[in-house]
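What follows is the content of work01.txt (compact mmCIF, C-alpha atoms).
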```txt
# COMPACT_ATOMS: atom_id res chain seq x y z
CA MET O 1 -36.07 17.93 -0.28
CA ASN O 2 -39.29 16.18 -1.30
CA GLU O 3 -38.31 15.83 -4.99
CA ALA O 4 -41.83 16.81 -6.10
CA LEU O 5 -41.76 18.78 -9.32
CA THR O 6 -43.67 19.84 -12.39
CA ALA O 7 -42.31 20.11 -15.90
CA GLU O 8 -43.67 21.39 -19.19
CA THR O 9 -42.81 22.76 -22.60
CA ILE O 10 -43.19 26.53 -22.78
CA THR O 11 -42.59 29.40 -25.18
CA ILE O 12 -40.34 32.30 -24.28
CA ALA O 13 -39.26 35.41 -26.15
CA GLY O 14 -35.67 34.65 -27.07
CA HIS O 15 -32.95 36.82 -28.57
CA GLY O 16 -34.41 39.69 -30.56
CA GLY O 17 -37.88 38.94 -29.26
CA ALA O 18 -38.27 35.83 -31.41
CA GLU O 19 -40.43 33.18 -29.79
CA ILE O 20 -38.58 29.97 -29.06
CA GLU O 21 -39.49 26.71 -27.40
CA ALA O 22 -38.09 25.87 -23.97
CA TYR O 23 -38.45 23.14 -21.38
CA ALA O 24 -39.22 24.23 -17.84
CA ALA O 25 -39.08 22.22 -14.62
CA ARG O 26 -39.67 23.62 -11.16
CA PRO O 27 -39.97 22.25 -7.65
CA LEU O 28 -43.30 21.88 -5.87
CA GLY O 29 -43.89 22.52 -2.19
CA THR O 30 -41.09 25.06 -1.90
CA ASP O 31 -41.77 28.65 -0.92
CA GLN O 32 -38.64 30.09 -2.49
CA PHE O 33 -36.13 28.71 -4.92
CA GLY O 34 -33.09 29.65 -6.94
CA SER O 35 -33.04 29.01 -10.66
CA VAL O 36 -30.80 27.65 -13.39
CA VAL O 37 -30.65 28.13 -17.15
CA VAL O 38 -29.51 24.82 -18.64
CA ILE O 39 -27.69 25.07 -21.98
CA HIS O 40 -27.95 21.90 -24.06
CA HIS O 41 -25.07 20.29 -25.92
CA MET O 42 -24.51 20.25 -29.68
CA PRO O 43 -26.60 17.11 -30.26
CA GLY O 44 -29.51 19.29 -29.29
CA TYR O 45 -32.48 19.93 -27.08
CA ASP O 46 -32.81 16.27 -26.26
CA SER O 47 -34.37 14.03 -23.63
CA ALA O 48 -31.10 13.72 -21.71
CA THR O 49 -30.88 17.49 -21.28
CA LYS O 50 -34.52 17.72 -20.22
CA GLU O 51 -33.75 15.04 -17.63
CA ILE O 52 -31.06 17.35 -16.25
CA ALA O 53 -33.66 20.11 -15.89
CA ARG O 54 -35.90 17.74 -13.94
CA LYS O 55 -32.96 16.79 -11.72
CA PHE O 56 -32.47 20.44 -10.82
CA ALA O 57 -36.17 20.73 -9.99
CA ALA O 58 -35.99 17.61 -7.82
CA TYR O 59 -33.15 19.26 -5.92
CA GLY O 60 -35.14 22.46 -5.36
CA TYR O 61 -34.15 24.66 -8.30
CA SER O 62 -36.34 25.95 -11.10
CA ALA O 63 -34.72 25.21 -14.45
CA VAL O 64 -35.29 26.20 -18.07
CA VAL O 65 -33.67 24.70 -21.16
CA PRO O 66 -34.04 27.05 -24.14
CA ASN O 67 -34.16 25.21 -27.46
CA LEU O 68 -31.19 26.86 -29.14
CA HIS O 69 -32.01 25.13 -32.43
CA TYR O 70 -35.67 26.13 -32.54
CA ARG O 71 -35.15 28.84 -35.16
CA ASP O 72 -33.47 26.35 -37.48
CA ALA O 73 -36.23 23.77 -37.26
CA PRO O 74 -39.38 24.66 -35.31
CA GLY O 75 -41.27 21.54 -34.31
CA ALA O 76 -38.63 19.14 -35.62
CA SER O 77 -37.16 16.29 -33.62
CA PRO O 78 -34.06 17.28 -31.61
CA ASP O 79 -31.67 15.35 -33.85
CA ASP O 80 -33.11 16.81 -37.06
CA ALA O 81 -32.97 20.29 -35.52
CA ALA O 82 -29.36 19.79 -34.44
CA ALA O 83 -28.47 18.68 -37.97
CA ALA O 84 -30.22 21.71 -39.44
CA SER O 85 -28.41 24.02 -37.02
CA ARG O 86 -25.07 22.49 -37.94
CA ALA O 87 -25.85 22.83 -41.65
CA ASN O 88 -26.80 26.47 -41.07
CA GLY O 89 -23.53 27.22 -39.29
CA GLY O 90 -24.36 26.64 -35.64
CA VAL O 91 -25.69 28.93 -32.90
CA PRO O 92 -24.26 32.47 -33.12
CA ASP O 93 -22.79 33.73 -29.85
CA GLU O 94 -24.96 36.87 -29.82
CA GLN O 95 -28.12 34.78 -30.21
CA LEU O 96 -27.02 32.44 -27.41
CA VAL O 97 -26.52 35.32 -25.01
CA GLY O 98 -29.92 36.74 -25.88
CA ASP O 99 -31.66 33.40 -25.40
CA VAL O 100 -29.99 32.83 -22.01
CA ALA O 101 -30.91 36.36 -20.91
CA SER O 102 -34.53 35.73 -21.83
CA ALA O 103 -34.60 32.40 -20.03
CA ALA O 104 -33.09 34.07 -16.95
CA ASP O 105 -35.74 36.79 -17.06
CA TYR O 106 -38.46 34.14 -17.28
CA LEU O 107 -37.05 32.33 -14.24
CA ARG O 108 -36.59 35.46 -12.17
CA ALA O 109 -40.22 36.47 -12.81
CA GLN O 110 -41.65 33.17 -11.53
CA ASP O 111 -43.67 33.16 -8.34
CA GLY O 112 -41.34 31.77 -5.69
CA SER O 113 -38.12 32.86 -7.36
CA ASN O 114 -35.61 34.21 -4.88
CA GLY O 115 -34.23 36.39 -7.66
CA LYS O 116 -31.05 34.39 -8.11
CA VAL O 117 -30.31 32.72 -11.44
CA GLY O 118 -27.35 30.62 -12.48
CA VAL O 119 -26.34 29.01 -15.74
CA ILE O 120 -24.88 25.61 -16.59
CA GLY O 121 -23.83 24.13 -19.90
CA TYR O 122 -22.38 20.90 -21.17
CA CYS O 123 -19.95 20.34 -24.03
CA SER O 124 -20.49 23.23 -26.47
CA GLY O 125 -22.86 24.53 -23.81
CA GLY O 126 -19.93 24.71 -21.39
CA ARG O 127 -18.28 27.31 -23.59
CA GLN O 128 -21.64 29.05 -23.93
CA SER O 129 -22.12 29.06 -20.15
CA PHE O 130 -18.79 30.88 -19.80
CA LEU O 131 -19.83 33.26 -22.58
CA ALA O 132 -23.12 34.01 -20.84
CA ALA O 133 -21.39 34.56 -17.51
CA CYS O 134 -19.05 37.10 -19.15
CA SER O 135 -21.88 38.83 -21.01
CA LEU O 136 -24.77 38.97 -18.53
CA PRO O 137 -23.96 40.68 -15.25
CA GLN O 138 -27.37 39.70 -13.91
CA LEU O 139 -26.29 36.05 -13.53
CA ASP O 140 -25.33 34.88 -10.03
CA ALA O 141 -23.29 31.70 -10.67
CA ALA O 142 -22.04 29.77 -13.69
CA VAL O 143 -20.97 26.16 -14.28
CA ASP O 144 -18.86 25.18 -17.28
CA CYS O 145 -18.86 21.43 -17.93
CA TYR O 146 -16.00 20.64 -20.31
CA GLY O 147 -16.50 23.59 -22.63
CA ALA O 148 -13.84 23.96 -25.32
CA ALA O 149 -12.68 26.96 -27.36
CA VAL O 150 -12.52 29.27 -24.36
CA ILE O 151 -8.80 29.93 -24.80
CA ASN O 152 -7.75 27.89 -27.83
CA PRO O 153 -9.55 28.37 -31.15
CA PRO O 154 -11.68 25.48 -32.42
CA PRO O 155 -10.23 23.19 -35.09
CA GLN O 156 -10.27 24.51 -38.62
CA GLY O 157 -13.44 23.72 -40.46
CA PHE O 158 -16.06 25.02 -38.07
CA PRO O 159 -18.40 26.82 -40.40
CA ILE O 160 -19.06 29.94 -38.33
CA SER O 161 -16.74 32.31 -36.57
CA LEU O 162 -16.29 30.73 -33.16
CA THR O 163 -13.77 32.93 -31.49
CA PRO O 164 -11.99 32.14 -28.24
CA LEU O 165 -13.56 33.86 -25.26
CA VAL O 166 -10.50 34.56 -23.13
CA ASP O 167 -10.67 38.29 -23.88
CA LYS O 168 -14.07 38.35 -22.19
CA ALA O 169 -12.72 36.88 -18.94
CA GLU O 170 -12.28 40.31 -17.41
CA ASP O 171 -16.06 40.74 -17.72
CA LEU O 172 -16.86 37.55 -15.78
CA ALA O 173 -19.42 38.84 -13.33
CA CYS O 174 -20.21 35.84 -11.16
CA PRO O 175 -18.46 32.86 -9.52
CA LEU O 176 -17.51 30.11 -11.96
CA LEU O 177 -17.35 26.35 -11.35
CA GLY O 178 -15.45 24.36 -13.97
CA LEU O 179 -15.75 20.56 -14.23
CA PHE O 180 -13.38 18.85 -16.65
CA GLY O 181 -11.98 15.44 -17.60
CA ALA O 182 -8.25 14.79 -17.46
CA ASP O 183 -8.47 12.72 -20.66
CA ASP O 184 -10.35 15.39 -22.60
CA LYS O 185 -8.70 16.92 -25.67
CA PHE O 186 -11.26 19.70 -26.16
CA PRO O 187 -10.60 21.29 -23.72
CA PRO O 188 -7.28 19.71 -22.71
CA PRO O 189 -6.19 20.10 -19.07
CA ALA O 190 -3.47 22.54 -20.11
CA GLU O 191 -6.12 24.88 -21.51
CA THR O 192 -8.31 24.80 -18.42
CA ALA O 193 -5.24 25.30 -16.20
CA GLU O 194 -4.32 28.35 -18.28
CA LEU O 195 -7.85 29.70 -17.93
CA SER O 196 -7.61 29.22 -14.16
CA ARG O 197 -4.34 31.18 -14.09
CA ILE O 198 -5.90 33.98 -16.11
CA LEU O 199 -8.90 34.15 -13.78
CA ASP O 200 -6.54 34.16 -10.78
CA GLY O 201 -4.72 37.12 -12.31
CA LEU O 202 -7.99 38.96 -12.83
CA GLY O 203 -9.16 38.20 -9.30
CA LYS O 204 -12.21 36.32 -10.60
CA GLU O 205 -13.78 33.86 -8.18
CA HIS O 206 -13.66 30.34 -9.59
CA GLU O 207 -13.01 26.72 -8.74
CA PHE O 208 -11.97 24.10 -11.27
CA HIS O 209 -11.97 20.33 -10.83
CA THR O 210 -10.36 17.93 -13.30
CA TYR O 211 -11.23 14.25 -12.94
CA GLU O 212 -8.71 11.52 -13.62
CA GLY O 213 -10.06 8.63 -15.65
CA ALA O 214 -12.70 10.83 -17.27
CA GLY O 215 -12.80 12.45 -20.67
CA HIS O 216 -15.35 14.59 -22.42
CA ALA O 217 -19.05 14.27 -21.58
CA PHE O 218 -18.55 12.25 -18.41
CA PHE O 219 -21.94 13.43 -17.11
CA SER O 220 -23.80 11.84 -20.06
CA VAL O 221 -25.53 8.83 -18.55
CA ASN O 222 -26.70 7.55 -21.96
CA ARG O 223 -23.30 7.61 -23.65
CA PRO O 224 -20.16 5.47 -23.43
CA SER O 225 -18.31 8.52 -22.12
CA TYR O 226 -20.22 8.34 -18.81
CA ARG O 227 -17.93 8.02 -15.78
CA VAL O 228 -19.96 7.36 -12.68
CA GLU O 229 -17.40 8.48 -10.07
CA ALA O 230 -16.62 11.75 -11.84
CA ALA O 231 -20.29 12.43 -12.51
CA ASN O 232 -21.37 11.75 -8.94
CA ASP O 233 -18.63 13.93 -7.50
CA GLY O 234 -19.37 16.58 -10.13
CA TRP O 235 -23.03 16.70 -9.10
CA ASP O 236 -21.94 17.06 -5.47
CA LYS O 237 -19.75 20.00 -6.50
CA ILE O 238 -22.70 21.55 -8.32
CA TRP O 239 -25.06 21.20 -5.35
CA ASP O 240 -22.45 22.73 -3.06
CA PHE O 241 -21.71 25.59 -5.49
CA TYR O 242 -25.31 26.47 -6.29
CA GLY O 243 -26.20 25.97 -2.63
CA ARG O 244 -23.83 28.80 -1.78
CA TYR O 245 -24.74 31.18 -4.58
CA LEU O 246 -28.31 30.43 -5.66
CA ALA O 247 -30.21 28.90 -2.76
CA SER O 248 -32.38 31.14 -0.64
CA MET L 1 -15.34 16.38 -27.20
CA CYS L 2 -17.31 18.38 -29.70
CA THR L 3 -14.98 18.48 -32.69
CA TYR L 4 -17.08 21.15 -34.43
CA LEU L 5 -15.59 19.94 -37.73
CA THR L 6 -18.13 19.91 -40.52
CA GLU L 7 -17.62 19.28 -44.22
CA LYS L 8 -20.54 20.67 -46.21
CA ILE L 9 -21.04 19.74 -49.85
CA LYS L 10 -23.65 20.14 -52.55
CA ILE L 11 -24.94 16.83 -53.93
CA THR L 12 -27.43 15.59 -56.49
CA GLY L 13 -29.50 12.47 -55.91
CA SER L 14 -32.24 11.05 -53.74
CA GLY L 15 -32.58 9.51 -50.32
CA LYS L 16 -35.28 7.64 -48.46
CA GLY L 17 -36.26 8.98 -45.06
CA ALA L 18 -39.12 8.63 -42.62
CA THR L 19 -41.61 10.07 -45.12
CA GLY L 20 -40.38 8.22 -48.21
CA TRP L 21 -38.13 9.22 -51.07
CA PHE L 22 -37.05 12.80 -51.68
CA GLY L 23 -34.35 14.58 -53.59
CA VAL L 24 -31.23 15.53 -51.66
CA SER L 25 -29.22 18.66 -52.40
CA ASP L 26 -26.81 19.01 -49.47
CA ALA L 27 -24.72 16.82 -47.22
CA SER L 28 -22.99 17.47 -43.91
CA VAL L 29 -20.13 15.17 -43.02
CA TYR L 30 -18.66 15.41 -39.53
CA PHE L 31 -16.86 13.43 -36.86
CA ASP L 32 -18.56 14.22 -33.58
CA HIS L 33 -20.93 12.89 -30.95
CA PRO L 34 -23.56 10.51 -32.32
CA VAL L 35 -27.21 10.63 -31.37
CA HIS L 36 -27.79 6.89 -31.41
CA ALA L 37 -24.63 4.87 -32.11
CA ALA L 38 -22.92 3.33 -29.08
CA ALA L 39 -19.62 5.15 -29.51
CA GLU L 40 -18.21 8.37 -28.11
CA HIS L 41 -17.60 9.75 -31.57
CA THR L 42 -18.73 8.65 -35.00
CA LEU L 43 -18.45 9.75 -38.59
CA ASN L 44 -21.87 11.22 -39.25
CA ILE L 45 -23.44 12.01 -42.59
CA ASP L 46 -26.66 13.97 -43.05
CA PHE L 47 -28.18 13.87 -46.53
CA LEU L 48 -30.44 16.89 -46.61
CA ASN L 49 -33.06 18.76 -48.58
CA PRO L 50 -33.36 22.09 -46.74
CA GLY L 51 -36.21 23.14 -49.01
CA LYS L 52 -38.36 20.34 -47.66
CA GLY L 53 -37.62 21.08 -44.02
CA PRO L 54 -35.41 19.62 -41.30
CA GLN L 55 -37.19 16.27 -41.32
CA ALA L 56 -36.07 15.71 -44.92
CA ARG L 57 -32.91 14.04 -43.73
CA VAL L 58 -31.24 10.67 -44.11
CA ALA L 59 -28.68 10.22 -41.35
CA VAL L 60 -26.01 7.65 -40.64
CA GLU L 61 -23.56 7.39 -37.75
CA LEU L 62 -20.60 5.08 -38.41
CA THR L 63 -17.57 4.10 -36.41
CA ALA L 64 -14.36 5.50 -37.82
CA ALA L 65 -13.31 2.10 -39.16
CA SER L 66 -16.71 1.54 -40.76
CA ALA L 67 -16.64 4.97 -42.36
CA ARG L 68 -13.21 4.37 -43.86
CA GLU L 69 -14.37 1.02 -45.21
CA LEU L 70 -17.47 2.68 -46.69
CA ALA L 71 -15.35 5.37 -48.33
CA ARG L 72 -13.08 2.68 -49.80
CA ALA L 73 -16.08 0.73 -51.05
CA ILE L 74 -17.64 3.80 -52.68
CA VAL L 75 -14.43 4.58 -54.53
CA ALA L 76 -13.98 0.93 -55.49
CA ALA L 77 -17.53 0.71 -56.87
CA LEU L 78 -17.06 3.89 -58.92
CA ASP L 79 -13.67 2.73 -60.18
CA SER L 80 -15.07 -0.62 -61.29
CA ALA L 81 -17.84 0.95 -63.36
CA PRO L 82 -17.29 1.67 -67.05
CA PRO L 83 -15.66 5.11 -67.20
CA GLU L 84 -18.26 6.50 -69.59
CA MET L 85 -20.99 5.74 -67.02
CA VAL L 86 -19.42 7.70 -64.18
CA ALA L 87 -17.97 10.62 -66.09
```

Would you write the structure of this file as structure tokens?
Amino acid sequence: MNEALTAETITIAGHGGAEIEAYAARPLGTDQFGSVVVIHHMPGYDSATKEIARKFAAYGYSAVVPNLHYRDAPGASPDDAAAASRANGGVPDEQLVGDVASAADYLRAQDGSNGKVGVIGYCSGGRQSFLAACSLPQLDAAVDCYGAAVINPPPQGFPISLTPLVDKAEDLACPLLGLFGADDKFPPPAETAELSRILDGLGKEHEFHTYEGAGHAFFSVNRPSYRVEAANDGWDKIWDFYGRYLAS
Amino acid sequence: MCTYLTEKIKITGSGKGATGWFGVSDASVYFDHPVHAAAEHTLNIDFLNPGKGPQARVAVELTAASARELARAIVAALDSAPPEMVA
């Protein structure tokens, strides 16, 4: 691993063919690489999420972050766009799936792609990563980082229909890695344990890890929720998981 | 956690943002992750004018205690004004 990479802002055809902005980072000096679609959290298509894309590139994976809020506020700052998206009702599930599919197609078509594409999402993106993995059979591996509303419905007051995804579990078409905090309330450990039991019953390949002393967003290095031990071990789990399912 | 909770209301007034003063017509009030405040969750308010674009926004992120104190102060200020002025 030489950690050399290149990164840029690109335009891809998202759900329904609509052009959306995306951030792309890929490794340099590597003949073949696996790829990852990175789904940003509710605060938006921000610098911290782009840093995650660059981390994947440094570790030998090509990564794309689609700007899920682009339609709500093209050209706006990430926080203004996130606010506009929230005011407009959030990102519809169907649109999310279409945007991830487009990002995966972009990655798979890159020179050097080994044809394998995974997905990872944080916070609301964790739920969306699970949704994508149950909706897009062309994905090869999925990582859900503390996504809520997979089994339990979201609290009352969310302005769009955000339905639990458990009924889609039978369509999960790739291995799933789940990384959760024991102190999290959305999702609480009881919910992720129930999801694990359901996936066991369906014979779906998965591995879940729940970290003591960590709550929601423990990967976020720029937030008080950051928990270094959980985050470091979580990254190790990700490299091992993607190494098995995405690497050449 | 992402609480997802969002209270949306229609408002009438003005706010001052990065480009100066503008009329505001909508507000989103939610308790969720902040962008800037050093807290895991904050009470966030976006004063918006969607007709002027996403940058027409005045945003605040307050700790829960600060938000409750602000709410109390707003009500106290309104209650102390002559009734005919705030009808």

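By chain and then residue number, the residues within 10 Å of Ile45 (chain L) are Ala83 of chain O; Thr6, Glu7, Lys8, Ala27, Ser28, Val29, Tyr30, Phe31, Thr42, Leu48, Arg57, Val58, Ala59, Val60, Glu61, Leu62 and Ala67 of chain L, counting only C-alpha atoms and disregarding those fewer than 3 positions away in sequence.
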
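The nearest approach to chain O among the residues L:Trp21, L:Ile9, L:Gln55, L:Phe47, with only C-alpha atoms taken into account, belongs to L:Gln55.
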
Within 10 Å of region 35-40 of chain L: each region 56-123 of chain O residue with its shortest pair, all atoms listed in the file, as CSV:
```
residue,atom,partner,partner_atom,distance
O:Pro78,CA,L:Val35,CA,9.6
O:Asp79,CA,L:Val35,CA,7.0
O:Ala82,CA,L:Val35,CA,9.9
```

Residues of chain O within 8 Å of chain L, counting only C-alpha atoms, as a PyMOL selection string: chain O and resi 42-43+72-73+76-77+79-81+83-84+86-87+123-124+148+154-159+184-187+216-217+223-225

The selected residues should be written to file as a PDB file, keeping the file's coordinate frame (atoms: C-alpha atoms).
```pdb
ATOM      1  CA  MET O  42     -24.510  20.250 -29.680  1.00  0.00           C
ATOM      2  CA  PRO O  43     -26.600  17.110 -30.260  1.00  0.00           C
ATOM      3  CA  ASP O  72     -33.470  26.350 -37.480  1.00  0.00           C
ATOM      4  CA  ALA O  73     -36.230  23.770 -37.260  1.00  0.00           C
ATOM      5  CA  ALA O  76     -38.630  19.140 -35.620  1.00  0.00           C
ATOM      6  CA  SER O  77     -37.160  16.290 -33.620  1.00  0.00           C
ATOM      7  CA  ASP O  79     -31.670  15.350 -33.850  1.00  0.00           C
ATOM      8  CA  ASP O  80     -33.110  16.810 -37.060  1.00  0.00           C
ATOM      9  CA  ALA O  81     -32.970  20.290 -35.520  1.00  0.00           C
ATOM     10  CA  ALA O  83     -28.470  18.680 -37.970  1.00  0.00           C
ATOM     11  CA  ALA O  84     -30.220  21.710 -39.440  1.00  0.00           C
ATOM     12  CA  ARG O  86     -25.070  22.490 -37.940  1.00  0.00           C
ATOM     13  CA  ALA O  87     -25.850  22.830 -41.650  1.00  0.00           C
ATOM     14  CA  CYS O 123     -19.950  20.340 -24.030  1.00  0.00           C
ATOM     15  CA  SER O 124     -20.490  23.230 -26.470  1.00  0.00           C
ATOM     16  CA  ALA O 148     -13.840  23.960 -25.320  1.00  0.00           C
ATOM     17  CA  PRO O 154     -11.680  25.480 -32.420  1.00  0.00           C
ATOM     18  CA  PRO O 155     -10.230  23.190 -35.090  1.00  0.00           C
ATOM     19  CA  GLN O 156     -10.270  24.510 -38.620  1.00  0.00           C
ATOM     20  CA  GLY O 157     -13.440  23.720 -40.460  1.00  0.00           C
ATOM     21  CA  PHE O 158     -16.060  25.020 -38.070  1.00  0.00           C
ATOM     22  CA  PRO O 159     -18.400  26.820 -40.400  1.00  0.00           C
ATOM     23  CA  ASP O 184     -10.350  15.390 -22.600  1.00  0.00           C
ATOM     24  CA  LYS O 185      -8.700  16.920 -25.670  1.00  0.00           C
ATOM     25  CA  PHE O 186     -11.260  19.700 -26.160  1.00  0.00           C
ATOM     26  CA  PRO O 187     -10.600  21.290 -23.720  1.00  0.00           C
ATOM     27  CA  HIS O 216     -15.350  14.590 -22.420  1.00  0.00           C
ATOM     28  CA  ALA O 217     -19.050  14.270 -21.580  1.00  0.00           C
ATOM     29  CA  ARG O 223     -23.300   7.610 -23.650  1.00  0.00           C
ATOM     30  CA  PRO O 224     -20.160   5.470 -23.430  1.00  0.00           C
ATOM     31  CA  SER O 225     -18.310   8.520 -22.120  1.00  0.00           C
TER      32      SER O 225
END
```

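Atom to atom, CA of Gly16 (chain O) and CA of Gly178 (chain O) stand 29.5 Å apart.
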
Interatomic distance, CA of Leu5 (chain O) to CA of Phe56 (chain O) (Å, one decimal): 9.6 Å

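Closest approach to Asn44 (chain L) from the set L:Ser66, L:Ser25, L:Thr19, L:Thr12 is made by L:Ser66, with distances taken over only C-alpha atoms.
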
Non-local contacts of Gly118 (chain O) (7 Å; all atoms listed in the file; under 4 positions in same chain excluded) as number ranges by chain: O: 35-37, 139-142, 246

Between CA of Ala18 (chain O) and CA of Asp93 (chain O), distance in Å (one decimal): 15.7 Å

Give me the residues within 8 Å of Phe22 (chain L) as a PDB file with C-alpha atoms, in the frame of the given file, counting only C-alpha atoms and dropping any in the same chain fewer than 6 places off.
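What follows is the written file out-v2.pdb:
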```pdb
ATOM      1  CA  SER L  14     -32.240  11.050 -53.740  1.00  0.00           C
ATOM      2  CA  GLY L  15     -32.580   9.510 -50.320  1.00  0.00           C
ATOM      3  CA  LYS L  16     -35.280   7.640 -48.460  1.00  0.00           C
ATOM      4  CA  ASN L  49     -33.060  18.760 -48.580  1.00  0.00           C
ATOM      5  CA  ALA L  56     -36.070  15.710 -44.920  1.00  0.00           C
TER       6      ALA L  56
END
```
